[in-house]
Amino acid sequence: MLARVRSAAVLGIDGYLVDVEADLANGLPAFNTVGLPHGAVKEGRERVTAAIINTGFTAPLKRITVNLAPADIRKEGTGFDLPIAVAVLVASGQLPAEPLEGYVLVGELGLEGDLRPVRGALSVALAARSAGCRGLVLPEANASEAAVVTGLDVFGPSTLPELAAHLEGRAPIKPVVAVPWQGAESAATGGVDFSDVRGQPAAKRALEVAAAGGHNILLIGPPGSGKTMLARRLPTILPAPTLEEALESTRIHSVAGLLPPGQPFLTQRPFRAPHHTISDAGLIGGGPTPRPGEVSLAHGGVLFLDELPEFRRNVLEVLRQPLEDGLVTLSRAAVSLCYPSRFTLAAAMNPCPCGHEGDTARACRCDPALVERYLARLSGPLLDRIDLQIRVPAVRPAELSLESAEEGSAPIRERVEAARERQRQRLQPHPGLYANAHLGPREIRRYCRLGPDGEELLRLAITRLGLSARGYHRLLKVARTIADLAAEEQIGLGHLAEAIQYRTLDRARGGVTMQGAT
């Protein structure tokens with residue numbers, strides 16, 4: 001006998017439907033799975049057989065052939081256990097086929113017939129709805145995540161017998177009710193706040209500009225100056241994610257298996273801080289079984305790279321495409337995958353190998369050639385993609401002991417949200433753009449116009465700093481954000497001068513001092 005059950009799998013972060021066909025033929029008992037199954041899918045025959053026997057069903061003493069169609073796409077993961085088991089039971093006449101019409105089944109089986117969670121439930125649900133399916137059956141632990149997708153009945157049985165009772169009409173399972181969207185939290189809290197940081201007004205201002213426009217930022221300062229402390233508080237001043245942004249981040253974390261149990265979607269912007277020993281595949285994704293990398297896990301949030309020059313050169317260079325395009329394309333012999341990766345890069349580094357170059361409290365022990373080699377670990381094209389480069393000086397002991405209250409994250413976030421709202425209103429005619437950091441050359445010409453004095457100052461800055469065309473555009477985008485924070489439609493001379501101040505490394509290489517830039 002032949003039975004067909006619909007299932008689904010994930011390719012990249014997108015789901016696609018798979019037909020699971022089970023054929024029972026006479027001959028020596030055997031269980032073969034075809035259709036380019038990966039190792040975990042092949043091992044599923046042992047889990048399926050044990051689950052069928054241990055839940056009171058009869059394992060057919062037949063030659064069982066299971067086909068996963070389309071057969072030209074490699075099947076991975078453990079989510080085919082449930083549809084294979086149900087297809088075998090339907091083919092052997094132990095379960096009815098009619099109730100399965102229009103439904104997609106996904107789930108991993110334990111040896112006792114219990115259903116265990118799988119990755120990518122949200123992507124599977126979206127694929128099922130796009131294909132016009134009536135409903136989705138998947139483990140109870142994934143049900144609340146999949147139920148976020150409207151227009152689809154989601155059932156979450158906890159065991160194979162429970163699903164069998166539902167299909168036979170003995171104990172129907174009620175569809176899972178979606179958790180209503182209550183609005184997201186503004187940031188990853190964890191008890192951190194900008195009021196914890198003493199001093200550093202210039203760095204705080206630079207982080208406010210970065211948050212307001214979605215700009216990348218590099219903090220340069222000696223050890224103990226508070227670079228890491230400042231960067232970890234950047235998410236607390238970012239605007240709360242919208243429902244669409246939260247769902248996109250949830251899809252990525254679900255595929256990676258990092259979605260917290262029982263949480264239907266992420267309510268905070270991600271903050272990822274990989275160690276400098278990370279590989280290029282760990283940063284941008286890939287591997288034998290392709291998975292999203294840190295740049296995709298940080299989508300919609302912040303990617304923090306501490307001790308930036310300590311990262312391997314090849315790892316840093318692969319950041320170019322995601323920083324420029326907001327996505328990562330992984331090309332393999334059999335398939336090409338795209339992962340979204342639009343994030344705010346926050347990086348920190350010492351000004352020299354010993355860390356005390358320019359420090360008034362401690363003398364630098366590095367000779368100029370050593371400092372040059374240290375800075376040369378960061379390529380010009382990579383620095384071009386970092387909009388703000390700001391010095392973070394060592395905090396004086398007198399500032400640490402001050403009892404005066406520092407400005408907290410809440411008022412800064414209010415100013416950031418007001419600036420973002422101005423950008424959203426301005427960029428409504430351009431779908432997909434919602435922050436100044438995303439502006440292309442055409443939008444820059446339209447929205448970043450300067451007066452005569454501004455044009456002269458910009459020409460002087462380009463000549464003295466030796467900016468590339470990309471650096472020129474990023475300077476204008478930062479100036480546009482500063483004007484938005486000031487609630488001004490026209491970019492003024494002061495806005496442009498402040499943006500120039502945030503090109504620390506360019507000024508150092510161009511021989512321009514902080515005073516000379518103004």
# chains A, B, ... in the order shown; residues from 1 in each chain; ligands from 1

call {"tool": "residues_around", "arguments": {"residues": "Asn314 in chain A", "least_positions_apart": "2", "cutoff": "12 Å", "atoms": "only C-alpha atoms", "output": "PyMOL selection string"}}
result
chain A and resi 277-281+283-284+309-312+316-320+377-379+382

call {"tool": "residues_around", "arguments": {"residues": "Asp359 in chain A", "least_positions_apart": "4", "cutoff": "12 Å", "atoms": "only C-alpha atoms", "output": "PyMOL selection string"}}
result
chain A and resi 220-225+350-352+354-355+363-365+391-396

call {"tool": "write_last_selection", "arguments": {"atoms": "C-alpha atoms", "output": "PDB file, in the first residue's frame"}}
result
ATOM      1  CA  ILE A 220      39.031  53.502  20.602  1.00  0.00           C
ATOM      2  CA  GLY A 221      40.571  53.867  24.035  1.00  0.00           C
ATOM      3  CA  PRO A 222      42.940  52.462  26.662  1.00  0.00           C
ATOM      4  CA  PRO A 223      42.054  49.443  28.821  1.00  0.00           C
ATOM      5  CA  GLY A 224      39.544  50.259  31.529  1.00  0.00           C
ATOM      6  CA  SER A 225      38.175  53.365  29.829  1.00  0.00           C
ATOM      7  CA  ASN A 350      42.975  49.787  22.022  1.00  0.00           C
ATOM      8  CA  PRO A 351      44.831  52.619  20.255  1.00  0.00           C
ATOM      9  CA  CYS A 352      48.066  50.592  20.254  1.00  0.00           C
ATOM     10  CA  CYS A 354      50.058  48.256  24.937  1.00  0.00           C
ATOM     11  CA  GLY A 355      46.828  50.231  24.993  1.00  0.00           C
ATOM     12  CA  ALA A 363      53.134  56.371  28.910  1.00  0.00           C
ATOM     13  CA  CYS A 364      52.915  54.294  25.739  1.00  0.00           C
ATOM     14  CA  ARG A 365      55.715  51.727  25.304  1.00  0.00           C
ATOM     15  CA  ARG A 391      38.171  58.195  21.145  1.00  0.00           C
ATOM     16  CA  VAL A 392      37.240  57.004  24.636  1.00  0.00           C
ATOM     17  CA  PRO A 393      39.801  58.499  27.063  1.00  0.00           C
ATOM     18  CA  ALA A 394      40.581  57.004  30.452  1.00  0.00           C
ATOM     19  CA  VAL A 395      38.193  58.141  33.178  1.00  0.00           C
ATOM     20  CA  ARG A 396      39.778  60.237  35.901  1.00  0.00           C
TER      21      ARG A 396
END

call {"tool": "closest_atom_pairs", "arguments": {"of": "range 18-92 of chain A", "to": "range 290-301 of chain A", "cutoff": "12 Å", "atoms": "only C-alpha atoms", "output": "Markdown table"}}
result
| residue | atom | partner | partner_atom | distance |
| --- | --- | --- | --- | --- |
| A:Arg74 | CA | A:Pro290 | CA | 11.7 |
| A:Glu76 | CA | A:Pro290 | CA | 10.2 |
| A:Gly77 | CA | A:Pro290 | CA | 11.6 |

call {"tool": "write_last_selection", "arguments": {"atoms": "N, CA and C atoms", "output": "CSV table (one decimal), in the first residue's frame"}}
result
chain,number,residue,atom,x,y,z
A,74,ARG,N,18.7,18.2,-0.6
A,74,ARG,CA,19.2,17.4,0.5
A,74,ARG,C,18.3,17.7,1.7
A,76,GLU,N,17.6,17.6,5.7
A,76,GLU,CA,18.3,17.6,7.0
A,76,GLU,C,17.4,17.7,8.2
A,77,GLY,N,17.9,17.3,9.3
A,77,GLY,CA,17.1,17.5,10.6
A,77,GLY,C,16.3,16.3,10.9

call {"tool": "select_by_dssp", "arguments": {"residues": "range 3-229 of chain A", "states": "strand (DSSP E)", "output": "PyMOL selection string"}}
result
chain A and resi 3-11+14-25+30-34+63-69+103-105+108-109+115-116+135-137+153-155+217-220

call {"tool": "write_last_selection", "arguments": {"atoms": "C-alpha atoms", "output": "compact mmCIF listing (two decimals), in the first residue's frame"}}
result
# COMPACT_ATOMS: atom_id res chain seq x y z
CA ALA A 3 0.41 6.62 1.68
CA ARG A 4 1.37 10.25 1.28
CA VAL A 5 1.77 12.79 4.10
CA ARG A 6 2.85 16.41 3.70
CA SER A 7 5.77 17.70 5.72
CA ALA A 8 8.17 20.63 5.52
CA ALA A 9 11.83 21.48 6.00
CA VAL A 10 13.98 24.60 6.19
CA LEU A 11 16.49 25.77 3.60
CA ASP A 14 12.87 29.74 4.48
CA GLY A 15 10.59 26.74 4.74
CA TYR A 16 9.53 24.51 1.86
CA LEU A 17 7.04 21.64 1.66
CA VAL A 18 8.09 18.02 1.32
CA ASP A 19 5.89 15.07 0.33
CA VAL A 20 6.59 12.01 2.48
CA GLU A 21 5.56 8.88 0.56
CA ALA A 22 5.55 5.48 2.26
CA ASP A 23 5.23 2.27 0.26
CA LEU A 24 4.74 -1.17 1.86
CA ALA A 25 5.68 -4.09 -0.38
CA ALA A 30 13.49 -3.63 5.41
CA PHE A 31 13.23 0.12 5.94
CA ASN A 32 14.80 2.36 3.30
CA THR A 33 14.63 6.15 3.06
CA VAL A 34 15.37 7.83 -0.28
CA ARG A 63 9.66 -3.91 2.71
CA ILE A 64 9.13 -0.24 3.62
CA THR A 65 10.33 2.46 1.22
CA VAL A 66 10.00 6.10 2.23
CA ASN A 67 10.53 8.77 -0.42
CA LEU A 68 11.06 12.46 0.41
CA ALA A 69 10.05 14.62 -2.55
CA TYR A 103 -2.20 19.38 6.93
CA VAL A 104 1.57 19.56 7.34
CA LEU A 105 3.28 17.34 9.91
CA GLU A 108 11.03 14.53 16.13
CA LEU A 109 10.04 11.27 17.80
CA LEU A 115 7.27 14.47 20.35
CA ARG A 116 10.33 16.64 20.75
CA GLY A 135 -3.20 23.46 9.33
CA LEU A 136 0.07 22.40 10.88
CA VAL A 137 0.82 19.60 13.35
CA ASP A 153 -4.76 25.97 12.46
CA VAL A 154 -1.85 24.80 14.62
CA PHE A 155 -2.09 21.59 16.66
CA ILE A 217 30.61 52.68 15.54
CA LEU A 218 34.18 52.01 16.67
CA LEU A 219 35.28 52.92 20.22
CA ILE A 220 39.03 53.50 20.60

call {"tool": "closest_atom_pairs", "arguments": {"of": "range 66-146 of chain A", "to": "range 56-60 of chain A", "cutoff": "10 Å", "atoms": "only C-alpha atoms", "output": "tab-separated table"}}
result
residue	atom	partner	partner_atom	distance
A:Ala85	CA	A:Ala59	CA	9.9
A:Val88	CA	A:Pro60	CA	8.1
A:Leu89	CA	A:Phe57	CA	8.1
A:Ala91	CA	A:Pro60	CA	9.4
A:Ser92	CA	A:Pro60	CA	6.8
A:Gln94	CA	A:Phe57	CA	7.6
A:Leu95	CA	A:Phe57	CA	9.9
A:Gly113	CA	A:Gly56	CA	9.8

call {"tool": "closest_residue", "arguments": {"among": "A:Arg464, A:Arg474, A:Arg272, A:Arg342", "to": "Glu248 in chain A", "atoms": "only C-alpha atoms"}}
result
A:Arg342

call {"tool": "residues_around", "arguments": {"residues": "Gly44 in chain A", "least_positions_apart": "2", "cutoff": "10 Å", "atoms": "only C-alpha atoms", "output": "list in words"}}
result
Thr33, Pro37, Gly39, Ala40, Val41, Lys42, Glu46, Arg47, Val48, Thr49, Ala50, Gly77, Thr78, Gly79, Phe80, Asp81, Leu82, Ile84, Ala85, Glu108, Leu109 and Gly110 of chain A

call {"tool": "write_last_selection", "arguments": {"atoms": "N, CA and C atoms", "output": "tab-separated table (two decimals), in the first residue's frame"}}
result
chain	number	residue	atom	x	y	z
A	33	THR	N	15.04	4.76	3.27
A	33	THR	CA	14.63	6.15	3.06
A	33	THR	C	15.42	6.72	1.90
A	37	PRO	N	18.37	11.92	1.82
A	37	PRO	CA	18.29	12.14	3.27
A	37	PRO	C	19.68	12.32	3.87
A	39	GLY	N	22.22	12.36	7.40
A	39	GLY	CA	22.41	11.33	8.42
A	39	GLY	C	21.31	11.27	9.46
A	40	ALA	N	20.87	12.43	9.97
A	40	ALA	CA	19.82	12.44	10.99
A	40	ALA	C	18.50	11.91	10.44
A	41	VAL	N	18.24	12.14	9.14
A	41	VAL	CA	17.01	11.64	8.53
A	41	VAL	C	17.09	10.12	8.36
A	42	LYS	N	18.25	9.61	7.96
A	42	LYS	CA	18.42	8.17	7.82
A	42	LYS	C	18.25	7.46	9.16
A	46	GLU	N	15.16	4.19	12.78
A	46	GLU	CA	15.26	3.48	14.05
A	46	GLU	C	14.34	4.11	15.10
A	47	ARG	N	14.30	5.43	15.12
A	47	ARG	CA	13.40	6.11	16.07
A	47	ARG	C	11.94	5.82	15.73
A	48	VAL	N	11.62	5.85	14.45
A	48	VAL	CA	10.23	5.63	14.01
A	48	VAL	C	9.79	4.20	14.37
A	49	THR	N	10.61	3.21	14.07
A	49	THR	CA	10.26	1.82	14.36
A	49	THR	C	10.05	1.60	15.85
A	50	ALA	N	10.98	2.12	16.67
A	50	ALA	CA	10.85	1.95	18.12
A	50	ALA	C	9.62	2.67	18.64
A	77	GLY	N	17.86	17.33	9.34
A	77	GLY	CA	17.10	17.52	10.56
A	77	GLY	C	16.29	16.30	10.95
A	78	THR	N	15.65	16.41	12.11
A	78	THR	CA	14.88	15.29	12.67
A	78	THR	C	13.38	15.49	12.54
A	79	GLY	N	12.96	16.56	11.85
A	79	GLY	CA	11.54	16.86	11.77
A	79	GLY	C	10.74	15.92	10.91
A	80	PHE	N	11.40	15.00	10.17
A	80	PHE	CA	10.66	14.05	9.33
A	80	PHE	C	10.22	12.80	10.09
A	81	ASP	N	10.62	12.65	11.35
A	81	ASP	CA	10.24	11.46	12.12
A	81	ASP	C	8.73	11.29	12.18
A	82	LEU	N	8.02	12.33	12.57
A	82	LEU	CA	6.57	12.24	12.74
A	82	LEU	C	5.86	11.95	11.42
A	84	ILE	N	6.96	10.51	8.75
A	84	ILE	CA	7.30	9.17	8.29
A	84	ILE	C	6.52	8.14	9.08
A	85	ALA	N	6.46	8.31	10.41
A	85	ALA	CA	5.72	7.36	11.25
A	85	ALA	C	4.25	7.33	10.88
A	108	GLU	N	10.09	15.60	15.80
A	108	GLU	CA	11.03	14.53	16.13
A	108	GLU	C	10.39	13.57	17.13
A	109	LEU	N	10.62	12.28	16.94
A	109	LEU	CA	10.04	11.27	17.80
A	109	LEU	C	11.07	10.72	18.78
A	110	GLY	N	10.66	10.58	20.05
A	110	GLY	CA	11.45	9.83	21.00
A	110	GLY	C	11.12	8.35	20.89

call {"tool": "closest_residue", "arguments": {"among": "A:Gln389, A:Gln268, A:Gln425, A:Asn216", "to": "Leu323 in chain A", "atoms": "only C-alpha atoms"}}
result
A:Asn216

call {"tool": "residues_around", "arguments": {"residues": "Thr228 in chain A", "least_positions_apart": "4", "cutoff": "10 Å", "atoms": "only C-alpha atoms", "output": "PDB file with C-alpha atoms, in the first residue's frame"}}
result
ATOM      1  CA  LEU A 219      35.279  52.915  20.215  1.00  0.00           C
ATOM      2  CA  PRO A 223      42.054  49.443  28.821  1.00  0.00           C
ATOM      3  CA  GLY A 224      39.544  50.259  31.529  1.00  0.00           C
ATOM      4  CA  ARG A 232      26.815  46.775  26.035  1.00  0.00           C
ATOM      5  CA  ARG A 233      24.426  49.613  26.799  1.00  0.00           C
ATOM      6  CA  PHE A 304      29.692  43.773  19.311  1.00  0.00           C
ATOM      7  CA  LEU A 305      33.285  42.917  18.384  1.00  0.00           C
ATOM      8  CA  ASP A 306      35.593  43.597  21.312  1.00  0.00           C
ATOM      9  CA  GLU A 307      39.350  43.871  20.680  1.00  0.00           C
ATOM     10  CA  ALA A 346      29.731  48.223  17.629  1.00  0.00           C
ATOM     11  CA  ALA A 347      33.447  47.536  17.881  1.00  0.00           C
ATOM     12  CA  ALA A 348      36.103  48.375  20.449  1.00  0.00           C
ATOM     13  CA  MET A 349      39.880  48.452  20.286  1.00  0.00           C
TER      14      MET A 349
END
